[in-house]
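Below: the structure, in structure tokens.
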Amino acid sequence: MTDPRNNARATRGRPFQPGNPGRPKGARHKTTLLAEKLMSEDVEGVVKGVLAAARSGDMAAARIVLDRLVPVRKGRPVVLDLPTVENAEGVLRALGLVISETAAGNITPEEATILAGLLDAKRKAIETTDIERRLATLEARS
């Protein structure tokens, strides 16, 4: 069998060597380290400069300031009075409530999708527990 790397143009850079772990986790690029060092030397001056630019109407600077003061929220608490979810029927009732709340506009479709995923995980856990219980019963009989 021929080695596909015989073609010199197909192999770019240094070929992978077994035992070469690559860059360690958490390692940062030299440029990033340099930028952090430069920023840390004059943090106060940088902050004052950005604030001054924001005050003078620079919208990019204003966005930087506001993003630090009031970060974009990645979600919000969703309060629903879900029925008890202890079996497949409970999952079905809870999913029906999620759909109703979405249709009524009380929760967003994205929030409903996340809730449906959680309910599906609960359903799978219920199914797995039920299968384990049944298997244990069958093994005990034989």
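Each chain in the structure tokens gets a letter, A, B and so on, in the order shown; residues start at 1 in every chain, and ligands are counted from 1 in the order they appear.
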### Task
Looking only at helix (DSSP H, G or I) from DSSP on the backbone, list the matching residues of chain A as a PyMOL selection string.
chain A and resi 4-6+30-41+43-55+59-69+88-103+109-141
### Task
Find the residues around range 93-103 of chain A up to 9 Å (only C-alpha atoms counted), leave out those fewer than 3 positions away in its own chain, and share them as number ranges by chain.
A: 80-85, 88-90, 106-109, 111-112, 115-116, 119
### Query
If you measure from CA of Lys48 in chain A to CA of Leu66 in chain A, what distance in Å do you get, rounded to one decimal?
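Result for CA of Lys48 in chain A versus CA of Leu66 in chain A: 14.3 Å, one decimal.
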### Task
Measuring atom to atom with only C-alpha atoms, identify which of A:Leu135, A:Val91, A:Gly19, A:Val78 is nearest to Ile114 in chain A.
A:Val78
